[in-house]
Amino acid sequence: MTMTNEYHGDARSVTQAGRVDRFEQHLHFHGADAPPPERPMSIPAEPTLLVDRRDEHHALHSVLERSSAANGSSDSGSGAVLIALCGLSGIGKSTLARSFAWQVHERFEDGFCYTDWHGHPVSGSAELARSCLRKLGTAEHELPAADRDALQLLRDRTRGRRMGFVFDGLVRPRQLLDLRLAAPESMILFTSQHAAAEFSSDGVSSIDLEPLSRHHAIELLARITGTDPAVTDPDVGRLVELCGYTPLALEFVGRKIRRLKHWTPRRAADWLTGPAHRGEMLRDNPEVRDTLELAVTDLPGEQAELYRLLGAIPCRTFDAATVAELLDADPADAEDLLYELHAANLVLESEPGRFHLHDLVRIHASEHAGKLEPVDFERAHHRLVTRYRRMGAHADRAVMEPSRLRVAGDEHLVTSEENPFTKPTALRWLETEFANIVALVHHASERGDHETVLALCDGALWTLHNHHRHYDETLRAFELAIGAADRRDDPLAGARMRILRTRLLMECHRFAEAHTQALEAREKAASAGHRQVLASAYEFHGRVYLEQEHYEPAIELFRFAWKISERLGKPRGMALVEHFAARAHSGLGEQEKALEYLETAAARLADFPNDRRTSAKVKLTTGLVRQRMGLHRQAVEQLERAVVELSSHHSDEDDEKLLFELAAPFEYLVPSLREIGERDRAEKCLREAVAIYERAGSPRAERLRTGAG
């Protein structure tokens with residue numbers, strides 16, 4: 001039997017299907033008065049990769065039920081229910097819209113029409129009306145030429161009927177509001193890049209879609225890859241975080257992992273961090289690019305300029321004050337512009353007053369950054385960098401000793417203005433801006449701006465590290481700072497950066513690298529002829545040996561550092577070295593010698609009443625030495641003084657380092673209290689130490705709890 005796609009006879013209407021794989025309908029009518037098909041139906045295939053979204057489904061069904069109940073008691077002239085699914089590109093609006101359409105289409109007995117408008121600039125509401133009329137079976141020659149008539153014909157065709165319409169990917173959804181269908185049992189659902197608040201006063205029930213939870217993001221990744229990634233695997237967590245917990249990005253990466261079967265989550269995450277690779281995500285999803293392109297085309301001039309600048313700068317987050325500096329604008333105007341972009345879902349508000357670009361949007365914005373005038377960008381970039389250097393210098397001086405040695409040369413940025421920070425607010429600012437500061441260091445290094453690299457590392461990053469640890473990023477930043485100093489042929493800065501990196505490496509127990517870095521620091525300091533930095537280089541090298549419990553070479557290096565500080569008349573520097581030397585002598589079993597150094601250090605520190613932290617550390621070491629001598633009551637006395645001294649200037653708003661330092665005296669008190677028979681106090685101190693270590697995420701907590709400490 002042979003089948004052909006031909007039409008014969010005089011039937012009033014037929015359906016010819018060419019390309020049955022896509023089920024394209026070509027409807028033929030005889031006579032202008034021919035009725036439309038009994039029940040037009042056009043919905044894309046039901047999605048198979050929908051994860052979670054139960055709450056959103058429930059909200060959509062609730063809107064329909066409320067509408068049905070309301071329309072049961074209203075007049076027949078009321079309009080169709082309007083629903084908006086809102087959110088940034090790639091968050092899953094279209095998938096949810098298709099899923100919901102398949103759930104409810106049968107309740108709309110007169111038809112269900114789904115149209116995809118991604119990347120299509122709609123000229124107006126009449127174009128939408130004509131599209132709907134075609135879906136309802138209206139022949140092309142019957143479509144009115146006049147826009148007003150096209151809108152009226154759609155209203156006539158839908159009046160009193162139960163129909164569902166989905167408009168997916170509309171850039172200007174307000175054009176839908178002009179349709180005003182007099183069909184109270186009908187529904188118009190649309191997806192929009194704009195935020196839900198945009199339609200709150202237009203009789204639209206709006207739902208904002210949020211990124212997936214971590215759990216559901218991993219579930220989606222597992223379904224796409226056909227694997228079973230461990231929820232607790234840090235590489236899996238990093239991968240879904242890099243995808244922004246958005247379905248589109250997860251699907252893109254998941255399909256790549258499925259195709260490249262040898263890829264692990266770590267390999268995928270490392271690949272995704274490359275800017276060139278992240279761009280593939282946008283290139284492989286033209287509907288997202290088109291939507292963003294049309295959204296940005298609609299932006300007024302100032303908003304478009306800000307969008308391009310945000311795509312050009314390395315900062316990951318920003319507030320109104322930063323944007324004001326970037327634009328050289330009033331902060332209130334900058335805030336208005338930010339919230340305009342937020343309403344268009346081009347920037348997201350991660351916390352009140354703080355914004356960021358979603359990764360897909362960032363890629364798109366960076367492409368648009370090419371439209372900036374080079375001179376305008378350089379001026380904006382200079383203002384941005386200067387702001388971070390100035391604020392970083394203020395924060396450094398609010399937290400650290402104002403007179404400490406600094407080699408960055410940013411004094412001129414802060415001398416003429418009052419410091420806006422207290423110590424707690426400075427630490428909060430540094431922690432909030434940490435990722436941006438690191439990004440600016442890398443960006444400045446790429447641009448050859450060595451001065452900025454050194455300024456941000458020697459000031460903001462070093463100050464933050466002294467209170468909150470971020471080892472990996474800070475180590476990489478200081479490696480760039482060493483390179484910047486050497487390229488500037490600045491041996492003093494080169495020595496200082498190597499000294500600070502020596503301490504970082506020592507704290508990470510990367511001792512071989514720490515020794516190499518310390519030797520280089522000593523050589524650079526000697527060539528610079530700066531004796532204070534040379535003393536510091538000897539001191540830090542000695543501390544590496546001390547941390548390794550190689551006490552004799554440590555003592556020798558401390559002796560060199562002490563002699564230089566003595567010649568320079570630096571009693572505080574002498575006291576610091578004496579404290580470290582005492583620890584080394586105690587490690588060798590020379591407790592009496594250690595006490596001599598500690599007594600001398602304590603006497604020198606009496607002239608520095610603000611340096612309570614170093615004074616407390618001397619008392620802590622004194623208590624430990626007396627404990628080793630079997631003098632437990634004296635040990636308890638010194639350790640309790642250390643607790644009081646550290647506690648006296650700690651508050652809930654203060655830094656974590658102060659809290660963490662309290663753990664050691666509590667821990668050391670335990671054996672001495674037990675020895676003098678005060679077991680209840682010993683157990684209380686043990687609980688205090690464990691609680692502090694737990695809060696800091698230290699493995700020491702478990703060792704103390706199990707008695708292995």
# chains A, B, ... in the order shown; residues from 1 in each chain; ligands from 1
>>> closest_atom_pairs(of="segment 601-622 of chain A", to="segment 627-648 of chain A", cutoff="12 Å", atoms="only C-alpha atoms", output="Markdown table")
| residue | atom | partner | partner_atom | distance |
| --- | --- | --- | --- | --- |
| A:Pro609 | CA | A:Glu645 | CA | 11.3 |
| A:Asn610 | CA | A:Glu645 | CA | 11.3 |
| A:Asp611 | CA | A:Glu645 | CA | 10.5 |
| A:Arg612 | CA | A:Glu645 | CA | 6.7 |
| A:Arg613 | CA | A:Leu646 | CA | 6.6 |
| A:Thr614 | CA | A:Leu646 | CA | 9.7 |
| A:Ser615 | CA | A:Ala642 | CA | 8.1 |
| A:Ala616 | CA | A:Ala642 | CA | 4.7 |
| A:Lys617 | CA | A:Ala642 | CA | 7.0 |
| A:Val618 | CA | A:Ala642 | CA | 8.2 |
| A:Lys619 | CA | A:Gln638 | CA | 5.5 |
| A:Leu620 | CA | A:Leu639 | CA | 5.4 |
| A:Thr621 | CA | A:Leu639 | CA | 8.4 |
| A:Thr622 | CA | A:Gln638 | CA | 6.6 |
>>> closest_atom_pairs(of="segment 442-471 of chain A", to="segment 390-395 of chain A", cutoff="12 Å", atoms="only C-alpha atoms", output="tab-separated table")
residue	atom	partner	partner_atom	distance
A:Thr452	CA	A:Arg390	CA	10.9
A:Leu454	CA	A:Ala393	CA	11.8
A:Ala455	CA	A:Ala393	CA	8.2
A:Leu456	CA	A:Gly392	CA	6.9
A:Cys457	CA	A:Gly392	CA	9.6
A:Asp458	CA	A:Ala393	CA	9.3
A:Gly459	CA	A:Ala393	CA	5.8
A:Ala460	CA	A:Gly392	CA	4.8
A:Leu461	CA	A:Gly392	CA	8.4
A:Trp462	CA	A:Gly392	CA	10.3
A:Thr463	CA	A:Ala395	CA	8.1
A:Leu464	CA	A:Ala395	CA	9.1
>>> residues_around(residues="segment 518-524 of chain A", least_positions_apart="3", cutoff="12 Å", atoms="only C-alpha atoms", output="PDB file with N, CA and C atoms, in the first residue's frame")
ATOM      1  N   ILE A 482      55.534  39.087  44.442  1.00  0.00           N
ATOM      2  CA  ILE A 482      56.987  38.905  44.325  1.00  0.00           C
ATOM      3  C   ILE A 482      57.430  39.206  42.898  1.00  0.00           C
ATOM      4  N   ALA A 485      57.357  42.992  42.301  1.00  0.00           N
ATOM      5  CA  ALA A 485      58.498  43.682  42.916  1.00  0.00           C
ATOM      6  C   ALA A 485      59.766  43.485  42.099  1.00  0.00           C
ATOM      7  N   ASP A 486      59.977  42.260  41.621  1.00  0.00           N
ATOM      8  CA  ASP A 486      61.189  41.985  40.839  1.00  0.00           C
ATOM      9  C   ASP A 486      61.162  42.724  39.502  1.00  0.00           C
ATOM     10  N   ASP A 489      62.188  46.043  39.857  1.00  0.00           N
ATOM     11  CA  ASP A 489      63.556  46.115  40.383  1.00  0.00           C
ATOM     12  C   ASP A 489      63.554  46.814  41.737  1.00  0.00           C
ATOM     13  N   ASP A 490      62.659  46.342  42.617  1.00  0.00           N
ATOM     14  CA  ASP A 490      62.484  46.928  43.943  1.00  0.00           C
ATOM     15  C   ASP A 490      62.843  45.857  44.976  1.00  0.00           C
ATOM     16  N   PRO A 491      64.133  45.767  45.369  1.00  0.00           N
ATOM     17  CA  PRO A 491      64.546  44.691  46.290  1.00  0.00           C
ATOM     18  C   PRO A 491      63.881  44.786  47.656  1.00  0.00           C
ATOM     19  N   LEU A 492      63.573  46.000  48.115  1.00  0.00           N
ATOM     20  CA  LEU A 492      62.909  46.142  49.415  1.00  0.00           C
ATOM     21  C   LEU A 492      61.526  45.491  49.381  1.00  0.00           C
ATOM     22  N   ALA A 493      60.724  45.862  48.365  1.00  0.00           N
ATOM     23  CA  ALA A 493      59.401  45.246  48.232  1.00  0.00           C
ATOM     24  C   ALA A 493      59.527  43.749  47.985  1.00  0.00           C
ATOM     25  N   GLY A 494      60.535  43.346  47.195  1.00  0.00           N
ATOM     26  CA  GLY A 494      60.753  41.929  46.930  1.00  0.00           C
ATOM     27  C   GLY A 494      61.048  41.159  48.201  1.00  0.00           C
ATOM     28  N   ALA A 495      61.848  41.739  49.086  1.00  0.00           N
ATOM     29  CA  ALA A 495      62.156  41.088  50.361  1.00  0.00           C
ATOM     30  C   ALA A 495      60.909  40.987  51.224  1.00  0.00           C
ATOM     31  N   ARG A 496      60.171  42.093  51.315  1.00  0.00           N
ATOM     32  CA  ARG A 496      58.967  42.118  52.160  1.00  0.00           C
ATOM     33  C   ARG A 496      57.947  41.091  51.686  1.00  0.00           C
ATOM     34  N   MET A 497      57.687  41.008  50.389  1.00  0.00           N
ATOM     35  CA  MET A 497      56.697  40.061  49.878  1.00  0.00           C
ATOM     36  C   MET A 497      57.151  38.614  50.104  1.00  0.00           C
ATOM     37  N   ARG A 498      58.457  38.371  49.987  1.00  0.00           N
ATOM     38  CA  ARG A 498      58.969  37.013  50.236  1.00  0.00           C
ATOM     39  C   ARG A 498      58.854  36.642  51.716  1.00  0.00           C
ATOM     40  N   ILE A 499      59.073  37.613  52.597  1.00  0.00           N
ATOM     41  CA  ILE A 499      58.926  37.356  54.034  1.00  0.00           C
ATOM     42  C   ILE A 499      57.489  36.949  54.350  1.00  0.00           C
ATOM     43  N   LEU A 500      56.542  37.706  53.819  1.00  0.00           N
ATOM     44  CA  LEU A 500      55.133  37.411  54.113  1.00  0.00           C
ATOM     45  C   LEU A 500      54.718  36.069  53.516  1.00  0.00           C
ATOM     46  N   ARG A 501      55.217  35.770  52.328  1.00  0.00           N
ATOM     47  CA  ARG A 501      54.875  34.478  51.721  1.00  0.00           C
ATOM     48  C   ARG A 501      55.557  33.333  52.479  1.00  0.00           C
ATOM     49  N   THR A 502      56.739  33.586  53.065  1.00  0.00           N
ATOM     50  CA  THR A 502      57.387  32.577  53.901  1.00  0.00           C
ATOM     51  C   THR A 502      56.465  32.155  55.037  1.00  0.00           C
ATOM     52  N   ARG A 503      55.832  33.138  55.669  1.00  0.00           N
ATOM     53  CA  ARG A 503      54.939  32.809  56.781  1.00  0.00           C
ATOM     54  C   ARG A 503      53.743  31.999  56.296  1.00  0.00           C
ATOM     55  N   LEU A 504      53.173  32.361  55.161  1.00  0.00           N
ATOM     56  CA  LEU A 504      52.046  31.602  54.615  1.00  0.00           C
ATOM     57  C   LEU A 504      52.438  30.145  54.366  1.00  0.00           C
ATOM     58  N   LEU A 505      53.600  29.948  53.744  1.00  0.00           N
ATOM     59  CA  LEU A 505      54.064  28.594  53.448  1.00  0.00           C
ATOM     60  C   LEU A 505      54.334  27.821  54.735  1.00  0.00           C
ATOM     61  N   MET A 506      54.898  28.504  55.722  1.00  0.00           N
ATOM     62  CA  MET A 506      55.165  27.867  57.008  1.00  0.00           C
ATOM     63  C   MET A 506      53.865  27.407  57.662  1.00  0.00           C
ATOM     64  N   PHE A 511      57.346  23.318  54.255  1.00  0.00           N
ATOM     65  CA  PHE A 511      58.589  23.821  54.837  1.00  0.00           C
ATOM     66  C   PHE A 511      59.711  23.994  53.819  1.00  0.00           C
ATOM     67  N   ALA A 512      59.843  23.074  52.873  1.00  0.00           N
ATOM     68  CA  ALA A 512      60.925  23.200  51.888  1.00  0.00           C
ATOM     69  C   ALA A 512      60.775  24.497  51.100  1.00  0.00           C
ATOM     70  N   GLU A 513      59.553  24.791  50.667  1.00  0.00           N
ATOM     71  CA  GLU A 513      59.313  26.043  49.938  1.00  0.00           C
ATOM     72  C   GLU A 513      59.536  27.247  50.847  1.00  0.00           C
ATOM     73  N   ALA A 514      59.144  27.112  52.115  1.00  0.00           N
ATOM     74  CA  ALA A 514      59.303  28.220  53.058  1.00  0.00           C
ATOM     75  C   ALA A 514      60.774  28.562  53.256  1.00  0.00           C
ATOM     76  N   HIS A 515      61.625  27.538  53.358  1.00  0.00           N
ATOM     77  CA  HIS A 515      63.063  27.799  53.514  1.00  0.00           C
ATOM     78  C   HIS A 515      63.629  28.507  52.287  1.00  0.00           C
ATOM     79  N   SER A 527      70.510  43.101  49.878  1.00  0.00           N
ATOM     80  CA  SER A 527      70.830  43.935  48.709  1.00  0.00           C
ATOM     81  C   SER A 527      70.138  45.286  48.785  1.00  0.00           C
ATOM     82  N   ALA A 528      68.965  45.327  49.448  1.00  0.00           N
ATOM     83  CA  ALA A 528      68.254  46.604  49.596  1.00  0.00           C
ATOM     84  C   ALA A 528      68.907  47.475  50.662  1.00  0.00           C
ATOM     85  N   GLY A 529      69.698  46.865  51.553  1.00  0.00           N
ATOM     86  CA  GLY A 529      70.347  47.621  52.611  1.00  0.00           C
ATOM     87  C   GLY A 529      69.389  48.098  53.679  1.00  0.00           C
ATOM     88  N   HIS A 530      68.223  47.443  53.800  1.00  0.00           N
ATOM     89  CA  HIS A 530      67.213  47.845  54.784  1.00  0.00           C
ATOM     90  C   HIS A 530      67.317  46.902  55.977  1.00  0.00           C
ATOM     91  N   ARG A 531      67.906  47.386  57.070  1.00  0.00           N
ATOM     92  CA  ARG A 531      68.228  46.504  58.192  1.00  0.00           C
ATOM     93  C   ARG A 531      66.980  46.000  58.922  1.00  0.00           C
ATOM     94  N   GLN A 532      65.930  46.831  59.003  1.00  0.00           N
ATOM     95  CA  GLN A 532      64.711  46.372  59.683  1.00  0.00           C
ATOM     96  C   GLN A 532      64.085  45.200  58.932  1.00  0.00           C
ATOM     97  N   VAL A 533      64.060  45.286  57.603  1.00  0.00           N
ATOM     98  CA  VAL A 533      63.512  44.183  56.803  1.00  0.00           C
ATOM     99  C   VAL A 533      64.429  42.966  56.899  1.00  0.00           C
ATOM    100  N   LEU A 534      65.747  43.197  56.967  1.00  0.00           N
ATOM    101  CA  LEU A 534      66.674  42.077  57.116  1.00  0.00           C
ATOM    102  C   LEU A 534      66.431  41.359  58.445  1.00  0.00           C
ATOM    103  N   ALA A 535      66.190  42.131  59.516  1.00  0.00           N
ATOM    104  CA  ALA A 535      65.876  41.515  60.813  1.00  0.00           C
ATOM    105  C   ALA A 535      64.611  40.678  60.713  1.00  0.00           C
ATOM    106  N   SER A 536      63.628  41.210  60.014  1.00  0.00           N
ATOM    107  CA  SER A 536      62.372  40.473  59.831  1.00  0.00           C
ATOM    108  C   SER A 536      62.603  39.189  59.045  1.00  0.00           C
ATOM    109  N   ALA A 537      63.480  39.254  58.039  1.00  0.00           N
ATOM    110  CA  ALA A 537      63.774  38.062  57.234  1.00  0.00           C
ATOM    111  C   ALA A 537      64.424  36.976  58.088  1.00  0.00           C
ATOM    112  N   TYR A 538      65.375  37.368  58.943  1.00  0.00           N
ATOM    113  CA  TYR A 538      65.994  36.395  59.850  1.00  0.00           C
ATOM    114  C   TYR A 538      64.951  35.811  60.813  1.00  0.00           C
ATOM    115  N   GLU A 539      64.118  36.697  61.363  1.00  0.00           N
ATOM    116  CA  GLU A 539      63.106  36.243  62.322  1.00  0.00           C
ATOM    117  C   GLU A 539      62.172  35.199  61.695  1.00  0.00           C
ATOM    118  N   PHE A 540      61.654  35.497  60.491  1.00  0.00           N
ATOM    119  CA  PHE A 540      60.692  34.582  59.871  1.00  0.00           C
ATOM    120  C   PHE A 540      61.360  33.275  59.460  1.00  0.00           C
ATOM    121  N   HIS A 541      62.627  33.348  59.050  1.00  0.00           N
ATOM    122  CA  HIS A 541      63.318  32.104  58.721  1.00  0.00           C
ATOM    123  C   HIS A 541      63.496  31.261  59.985  1.00  0.00           C
ATOM    124  N   GLY A 542      63.808  31.927  61.087  1.00  0.00           N
ATOM    125  CA  GLY A 542      63.915  31.203  62.345  1.00  0.00           C
ATOM    126  C   GLY A 542      62.594  30.563  62.747  1.00  0.00           C
ATOM    127  N   ARG A 543      61.482  31.234  62.461  1.00  0.00           N
ATOM    128  CA  ARG A 543      60.169  30.696  62.812  1.00  0.00           C
ATOM    129  C   ARG A 543      59.836  29.447  62.013  1.00  0.00           C
ATOM    130  N   VAL A 544      60.357  29.362  60.788  1.00  0.00           N
ATOM    131  CA  VAL A 544      60.149  28.135  60.005  1.00  0.00           C
ATOM    132  C   VAL A 544      60.813  26.959  60.721  1.00  0.00           C
ATOM    133  N   TYR A 545      62.079  27.154  61.149  1.00  0.00           N
ATOM    134  CA  TYR A 545      62.770  26.090  61.895  1.00  0.00           C
ATOM    135  C   TYR A 545      62.045  25.780  63.209  1.00  0.00           C
ATOM    136  N   LEU A 557      69.258  31.985  64.096  1.00  0.00           N
ATOM    137  CA  LEU A 557      68.641  33.026  63.261  1.00  0.00           C
ATOM    138  C   LEU A 557      67.984  34.101  64.125  1.00  0.00           C
ATOM    139  N   PHE A 560      70.589  36.648  65.198  1.00  0.00           N
ATOM    140  CA  PHE A 560      70.888  37.665  64.185  1.00  0.00           C
ATOM    141  C   PHE A 560      69.810  38.746  64.168  1.00  0.00           C
ATOM    142  N   ALA A 561      68.542  38.324  64.206  1.00  0.00           N
ATOM    143  CA  ALA A 561      67.432  39.275  64.171  1.00  0.00           C
ATOM    144  C   ALA A 561      67.465  40.191  65.389  1.00  0.00           C
TER     145      ALA A 561
END
>>> closest_atom_pairs(of="segment 257-299 of chain A", to="segment 165-183 of chain A", cutoff="8 Å", atoms="only C-alpha atoms", output="Markdown table")
| residue | atom | partner | partner_atom | distance |
| --- | --- | --- | --- | --- |
| A:Thr291 | CA | A:Val171 | CA | 6.8 |
| A:Leu294 | CA | A:Val171 | CA | 6.6 |
| A:Ala295 | CA | A:Val171 | CA | 6.1 |
>>> residues_around(residues="Phe377 of chain A", least_positions_apart="2", cutoff="12 Å", atoms="only C-alpha atoms", output="list in words")
Glu305, Leu306, Arg308, Leu309, Leu310, Gly311, Ala312, Ile313, Leu326, Leu327, Asp328, Ala369, Gly370, Lys371, Leu372, Glu373, Pro374, Val375, Arg379, Ala380, His381, His382, Arg383 and Leu384 of chain A
>>> select_by_dssp(residues="segment 188-310 of chain A", states="strand (DSSP E or B)", output="list of chain:residue names")
A:Ile188, A:Leu189, A:Phe190, A:Thr191, A:Ser192, A:Val204, A:Ser205, A:Ser206, A:Ile207, A:Asp208
